[in-house]
Each structure stands twice: as C-alpha cells, then as structure tokens.
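Peer 1: Take this structure first; my questions come after.
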Amino acid sequence: MTIREIVQPLGLKLVVEGASDKEILGGYTSDLLSDVMANAKSGYLWITNQKHQNCVAVASLLDLCGVIIVGGTQPDEDTVAKARAEQLPLYTSDMSAFDIAGRLYEMGVRGPIQP
Amino acid sequence: MFRIDGGDFAGAGAVSSKIKKILQHIGTKPEIIRRASIATYEAEMNVVIHATMGEIALDATPSIVHIRILDEGPGIPDIDRAMQPGYSTAPDEIREMGFGAGMGLPNMERCADKLDIKSVVGIGTTVDMVFRNE
C-alpha cells in the first residue's frame with residue numbers, strides 16, 4: 001500500500017506530493033523527535049503534531065516514506081519548502097493522531113514490534 | 001570538518017545529512033549508516049540547542065566510522081546524569097518543538113559501538129563515536 005492509496009480513504013489533504021508512490025512499510029506516531037529517531041524505521045509513515053522544518057530533516061535521515069501532520073495543524077512555510085526539496089510526501093488531516101493511526105492499523109499498517 | 005552554529009534550527013540536520021551521503025558514497029553498510037546518521041543528528045541537535053558553535057569531523061572506511069563532535073558551550077556538569085533517559089536541561093520552547101526529551105544521549109549510546117564524552121564546564125564538550133561494520 002502506498003501513500004497515494006490512503007489519501008482518499010483517510011481524507012488526507014495534500015501539501016507536498018513528493019514520492020507518494022513508495023510503499024508504506026510501517027507507521028509511527030510521536031511528537032518527540034528523538035523518539036522518532038530511535039523507533040521509526042526506513043519506509044515508515046510518521047504521524048505527528050509537529051509542523052516545523054526539523055521534521056523534514058528527521059524524515060529524510062530515516063528515509064521515512066512520508067509525514068502526516070494531524071489535528072488540523074498546518075506546516076510552517078519552510079517545512080513545505082524543505083519537503084518539496086527532499087521529495088518528501090507531506091499531508092495534513094483534521095483528525096487526531098489516535099484516529100489516523102487507528103485507521104491505518106485497520107488497513108494493515110503496523111509499527112515496530114517491541115521486544 | 002563541518003561547522004554547526006548554536007541556535008541555527010533552520011540549518012540543523014544538514015551536517016548529519018552530508019555525513020549520511022558521504023557514507024552512502026563510500027559504500028558503508030546501510031545498518032551502519034542508519035546508526036551513524038541517528039547518533040550524528042542527536043549530537044548535532046545538542047550543539048544547536050546548547051552550544052555556541054561546534055564542529056563535526058568524520059573519519060570513515062567502509063568497515064569503521066569514527067565521528068567526533070566538539071563544541072564551545074556550557075559543557076556537561078554531570079555526564080552520568082545526562083546519560084539517564086528523560087533527563088534534560090533544554091528550555092521549554094525547545095521542548096515544545098519536540099526536542100529536549102532527554103533521549104538524545106541515550107540514543108547516541110544505543111546507536112554507537114563506542115561512545116566517549118569529555119566535557120569541561122564553561123568551555124565545551126567533545127563526543128567521540130565509533131561505528132563498526134561487523
């Protein structure tokens with residue numbers, strides 16, 4: 001399943017399309033950047049309330065497949081510019097992080113299995 | 001040698017990104033690149049959040065990666081305490097950005113095969129990290 005395929009069922013709003021045809025290999029929800037650095041893996045989709053440009057740096061370093069900014073929050077302008085430069089898919093949603101993650105889980109997306 | 005400016009949140013992550021690209025270019029294993037990128041980003045953010053300026057040096061072969069981060073800044077008075085997960089001295093506005101959760105140094109320790117921190121209060125901090133290609 002790719003990001004492009006979840007846009008309609010989840011009602012996501014497009015900010016930056018980027019490489020939206022990449023496969024979603026998992027998901028992670030957090031607003032703490034170090035938590036994401038420690039636990040999200042390559043190809044994961046990141047759900048967050050953060051909207052600043054450092055999110056793009058984290059997503060690129062980890063090779064995440066995309067970012068969904070939730071809760072009706074809009075990304076900062078420089079976040080959008082950086083996401084465009086990095087070809088990072090960036091979407092927003094009025095839904096909460098909990099609801100988006102729940103829907104994705106129903107659709108078969110999983111997080112890292114904790115030992 | 002790459003320079004980092006304290007307080008430069010806009011440029012934060014640029015050095016880690018460059019190091020990641022160099023390691024990819026020389027053919028370092030993806031697993032090592034991942035660990036080195038995460039640890040370098042955490043170190044870079046520490047410089048941006050706490051220090052005045054810093055430098056990152058990379059010494060890499062395909063089998064071993066050595067990264068040194070040295071900064072001019074407040075230093076770390078109690079390194080053992082700083083290593084404890086959840087301990088942070090970052091100001092509130094930094095925490096609101098999702099930094100300063102007290103996970104940076106523990107992440108670096110987890111990612112690096114060897115982590116060595118030397119710090120002098122009021123002068124600065126030097127962090128050495130080694131990543132081995134097993």
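Chain labels A, B, ... are given in the sequence in which chains occur in the structure tokens; within each chain residues are numbered consecutively from 1, and ligands are likewise numbered from 1 in the order shown.
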Counting only C-alpha atoms, which residues of chain A come no farther than 6 Å from chain B, as a list of chain:residue names?
Peer 2: A:Asp31, A:Leu32, A:Leu33, A:Ser34, A:Ala57
Peer 1: With all heavy atoms retained, write the just-selected residues as a PDB file, in the first residue's frame.
Peer 2:
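Dumped to again_4.pdb:
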```
ATOM      1  N   ASP A  31       5.424  12.995  18.833  1.00  0.00           N
ATOM      2  CA  ASP A  31       5.798  14.406  18.673  1.00  0.00           C
ATOM      3  C   ASP A  31       7.195  14.672  19.218  1.00  0.00           C
ATOM      4  O   ASP A  31       7.661  15.807  19.198  1.00  0.00           O
ATOM      5  CB  ASP A  31       4.789  15.305  19.401  1.00  0.00           C
ATOM      6  CG  ASP A  31       3.402  15.175  18.809  1.00  0.00           C
ATOM      7  OD1 ASP A  31       3.310  14.831  17.614  1.00  0.00           O
ATOM      8  OD2 ASP A  31       2.424  15.398  19.528  1.00  0.00           O
ATOM      9  N   LEU A  32       7.840  13.616  19.722  1.00  0.00           N
ATOM     10  CA  LEU A  32       9.213  13.766  20.228  1.00  0.00           C
ATOM     11  C   LEU A  32      10.173  13.286  19.147  1.00  0.00           C
ATOM     12  O   LEU A  32      10.127  12.128  18.738  1.00  0.00           O
ATOM     13  CB  LEU A  32       9.415  12.942  21.502  1.00  0.00           C
ATOM     14  CG  LEU A  32       8.551  13.342  22.692  1.00  0.00           C
ATOM     15  CD1 LEU A  32       8.796  12.383  23.854  1.00  0.00           C
ATOM     16  CD2 LEU A  32       8.841  14.773  23.121  1.00  0.00           C
ATOM     17  N   LEU A  33      11.039  14.185  18.698  1.00  0.00           N
ATOM     18  CA  LEU A  33      11.892  13.859  17.554  1.00  0.00           C
ATOM     19  C   LEU A  33      12.886  12.732  17.852  1.00  0.00           C
ATOM     20  O   LEU A  33      13.134  11.883  16.999  1.00  0.00           O
ATOM     21  CB  LEU A  33      12.606  15.124  17.048  1.00  0.00           C
ATOM     22  CG  LEU A  33      11.746  15.940  16.072  1.00  0.00           C
ATOM     23  CD1 LEU A  33      10.502  16.491  16.734  1.00  0.00           C
ATOM     24  CD2 LEU A  33      12.532  17.063  15.456  1.00  0.00           C
ATOM     25  N   SER A  34      13.411  12.714  19.073  1.00  0.00           N
ATOM     26  CA  SER A  34      14.349  11.643  19.432  1.00  0.00           C
ATOM     27  C   SER A  34      13.657  10.284  19.493  1.00  0.00           C
ATOM     28  O   SER A  34      14.264   9.253  19.217  1.00  0.00           O
ATOM     29  CB  SER A  34      14.993  11.924  20.800  1.00  0.00           C
ATOM     30  OG  SER A  34      15.967  12.920  20.676  1.00  0.00           O
ATOM     31  N   ALA A  57      14.005  17.124   8.221  1.00  0.00           N
ATOM     32  CA  ALA A  57      15.370  16.606   8.397  1.00  0.00           C
ATOM     33  C   ALA A  57      15.323  15.206   9.002  1.00  0.00           C
ATOM     34  O   ALA A  57      16.026  14.289   8.537  1.00  0.00           O
ATOM     35  CB  ALA A  57      16.180  17.547   9.291  1.00  0.00           C
TER      36      ALA A  57
END
```
Peer 1: According to DSSP computed on the backbone, where in chain B is there strand (DSSP E)? Give the residues as an NGL selection string.
Peer 2: :B and (2-5 or 53-60 or 64-72 or 114-120 or 124-132)
Peer 1: When you count only C-alpha atoms, which of these residues is closest to B:Ile4: B:Thr40, B:Thr52, B:Asn133, B:Gln24?
Peer 2: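 Smallest distance to B:Ile4 is found for B:Thr52.
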Peer 1: Please, what distance in Å, to one decimal, runs between atom CA of B:Gly73 and atom CA of B:Asp128?
Peer 2: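 Computing the Euclidean distance for atom CA of B:Gly73 and atom CA of B:Asp128 yields 16.6 Å.
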Peer 1: If we count only C-alpha atoms and set the cut-off at 9 Å, which residues sit around B:His66, ignoring sequence neighbours fewer than 4 positions away in its own chain? Please answer as a list in words.
Peer 2: Ala57, Leu58, Asp59, Ala60, Thr61, Asp128, Met129, Val130, Phe131 and Arg132 of chain B
Peer 1: Need the shell around stretch 14-16 of chain A: protein/DNA/RNA residues with any atom at most 8 Å away, counting only C-alpha atoms. Skip same-chain ones fewer than 4 positions apart. Format as a PDB file with N, CA and C atoms, in the first residue's frame?
Peer 2:
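Everything below was put into part23.pdb:
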```
ATOM      1  N   VAL A  80       7.333  23.190   4.297  1.00  0.00           N
ATOM      2  CA  VAL A  80       6.810  22.832   2.973  1.00  0.00           C
ATOM      3  C   VAL A  80       7.927  22.930   1.932  1.00  0.00           C
ATOM      4  N   ALA A  83      10.331  20.029   2.382  1.00  0.00           N
ATOM      5  CA  ALA A  83       9.719  18.760   1.967  1.00  0.00           C
ATOM      6  C   ALA A  83       9.732  18.661   0.438  1.00  0.00           C
ATOM      7  N   ARG A  84       9.460  19.796  -0.212  1.00  0.00           N
ATOM      8  CA  ARG A  84       9.469  19.825  -1.680  1.00  0.00           C
ATOM      9  C   ARG A  84      10.881  19.515  -2.195  1.00  0.00           C
ATOM     10  N   GLN A  87      11.630  15.914  -1.810  1.00  0.00           N
ATOM     11  CA  GLN A  87      10.647  14.991  -2.420  1.00  0.00           C
ATOM     12  C   GLN A  87       9.923  14.162  -1.350  1.00  0.00           C
ATOM     13  N   LEU A  88       9.728  14.761  -0.169  1.00  0.00           N
ATOM     14  CA  LEU A  88       9.092  14.044   0.944  1.00  0.00           C
ATOM     15  C   LEU A  88       7.581  14.276   0.914  1.00  0.00           C
ATOM     16  N   PRO A  89       6.798  13.197   0.785  1.00  0.00           N
ATOM     17  CA  PRO A  89       5.349  13.356   0.803  1.00  0.00           C
ATOM     18  C   PRO A  89       4.871  13.950   2.135  1.00  0.00           C
ATOM     19  N   LEU A  90       4.091  15.038   2.046  1.00  0.00           N
ATOM     20  CA  LEU A  90       3.629  15.724   3.251  1.00  0.00           C
ATOM     21  C   LEU A  90       2.129  15.976   3.120  1.00  0.00           C
ATOM     22  N   TYR A  91       1.375  15.484   4.105  1.00  0.00           N
ATOM     23  CA  TYR A  91      -0.079  15.623   4.079  1.00  0.00           C
ATOM     24  C   TYR A  91      -0.552  16.148   5.430  1.00  0.00           C
ATOM     25  N   THR A  92      -1.753  16.717   5.460  1.00  0.00           N
ATOM     26  CA  THR A  92      -2.350  17.123   6.738  1.00  0.00           C
ATOM     27  C   THR A  92      -3.707  16.448   6.889  1.00  0.00           C
TER      28      THR A  92
END
```
Peer 1: Pull the helix (DSSP H, G or I) assignments for chain A out of DSSP run on the backbone, and list those residues as a VMD selection string.
Peer 2: chain A and resid 3 to 10 33 to 39 54 to 61 77 to 86 97 to 106
Peer 1: Next, write the just-selected residues to a file, as a PDB file, in the first residue's frame, keeping C-alpha atoms as the atom set.
Peer 2:
```
ATOM      1  CA  ILE A   3       0.551   6.864   0.485  1.00  0.00           C
ATOM      2  CA  ARG A   4      -1.334   7.704  -2.678  1.00  0.00           C
ATOM      3  CA  GLU A   5      -3.687   4.806  -1.885  1.00  0.00           C
ATOM      4  CA  ILE A   6      -4.529   6.035   1.632  1.00  0.00           C
ATOM      5  CA  VAL A   7      -5.187   9.678   0.705  1.00  0.00           C
ATOM      6  CA  GLN A   8      -8.814   9.169  -0.234  1.00  0.00           C
ATOM      7  CA  PRO A   9      -9.934   6.660   2.435  1.00  0.00           C
ATOM      8  CA  LEU A  10      -8.384   8.818   5.180  1.00  0.00           C
ATOM      9  CA  LEU A  33      11.892  13.859  17.554  1.00  0.00           C
ATOM     10  CA  SER A  34      14.349  11.643  19.432  1.00  0.00           C
ATOM     11  CA  ASP A  35      11.592   9.075  19.917  1.00  0.00           C
ATOM     12  CA  VAL A  36      11.018   9.010  16.165  1.00  0.00           C
ATOM     13  CA  MET A  37      14.777   8.811  15.546  1.00  0.00           C
ATOM     14  CA  ALA A  38      15.002   5.839  17.902  1.00  0.00           C
ATOM     15  CA  ASN A  39      11.948   3.874  16.765  1.00  0.00           C
ATOM     16  CA  ASN A  54      13.284  19.885  11.562  1.00  0.00           C
ATOM     17  CA  CYS A  55      10.628  17.220  10.965  1.00  0.00           C
ATOM     18  CA  VAL A  56      11.738  17.070   7.331  1.00  0.00           C
ATOM     19  CA  ALA A  57      15.370  16.606   8.397  1.00  0.00           C
ATOM     20  CA  VAL A  58      14.351  13.702  10.660  1.00  0.00           C
ATOM     21  CA  ALA A  59      12.164  12.131   7.963  1.00  0.00           C
ATOM     22  CA  SER A  60      14.934  12.335   5.339  1.00  0.00           C
ATOM     23  CA  LEU A  61      17.641  10.983   7.627  1.00  0.00           C
ATOM     24  CA  GLU A  77       6.282  27.568   5.124  1.00  0.00           C
ATOM     25  CA  ASP A  78       9.907  26.464   5.388  1.00  0.00           C
ATOM     26  CA  THR A  79       8.709  22.951   6.256  1.00  0.00           C
ATOM     27  CA  VAL A  80       6.810  22.832   2.973  1.00  0.00           C
ATOM     28  CA  ALA A  81       9.796  24.214   1.040  1.00  0.00           C
ATOM     29  CA  LYS A  82      12.149  21.623   2.562  1.00  0.00           C
ATOM     30  CA  ALA A  83       9.719  18.760   1.967  1.00  0.00           C
ATOM     31  CA  ARG A  84       9.469  19.825  -1.680  1.00  0.00           C
ATOM     32  CA  ALA A  85      13.276  19.947  -1.982  1.00  0.00           C
ATOM     33  CA  GLU A  86      13.573  16.466  -0.419  1.00  0.00           C
ATOM     34  CA  ALA A  97      -3.061  11.255  15.710  1.00  0.00           C
ATOM     35  CA  PHE A  98      -5.011   8.495  17.510  1.00  0.00           C
ATOM     36  CA  ASP A  99      -7.701   8.289  14.858  1.00  0.00           C
ATOM     37  CA  ILE A 100      -5.315   8.364  11.905  1.00  0.00           C
ATOM     38  CA  ALA A 101      -3.124   5.685  13.480  1.00  0.00           C
ATOM     39  CA  GLY A 102      -6.223   3.592  14.257  1.00  0.00           C
ATOM     40  CA  ARG A 103      -7.449   3.775  10.689  1.00  0.00           C
ATOM     41  CA  LEU A 104      -4.020   2.886   9.338  1.00  0.00           C
ATOM     42  CA  TYR A 105      -3.792  -0.056  11.723  1.00  0.00           C
ATOM     43  CA  GLU A 106      -7.147  -1.300  10.433  1.00  0.00           C
TER      44      GLU A 106
END
```
Peer 1: So, with only C-alpha atoms as the atoms that count, which of A:Ser96, A:Tyr44, A:Glu23, A:Gly11 lies closest to A:Ile69?
Peer 2: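 Among the listed residues, the smallest separation from A:Ile69 belongs to A:Ser96.
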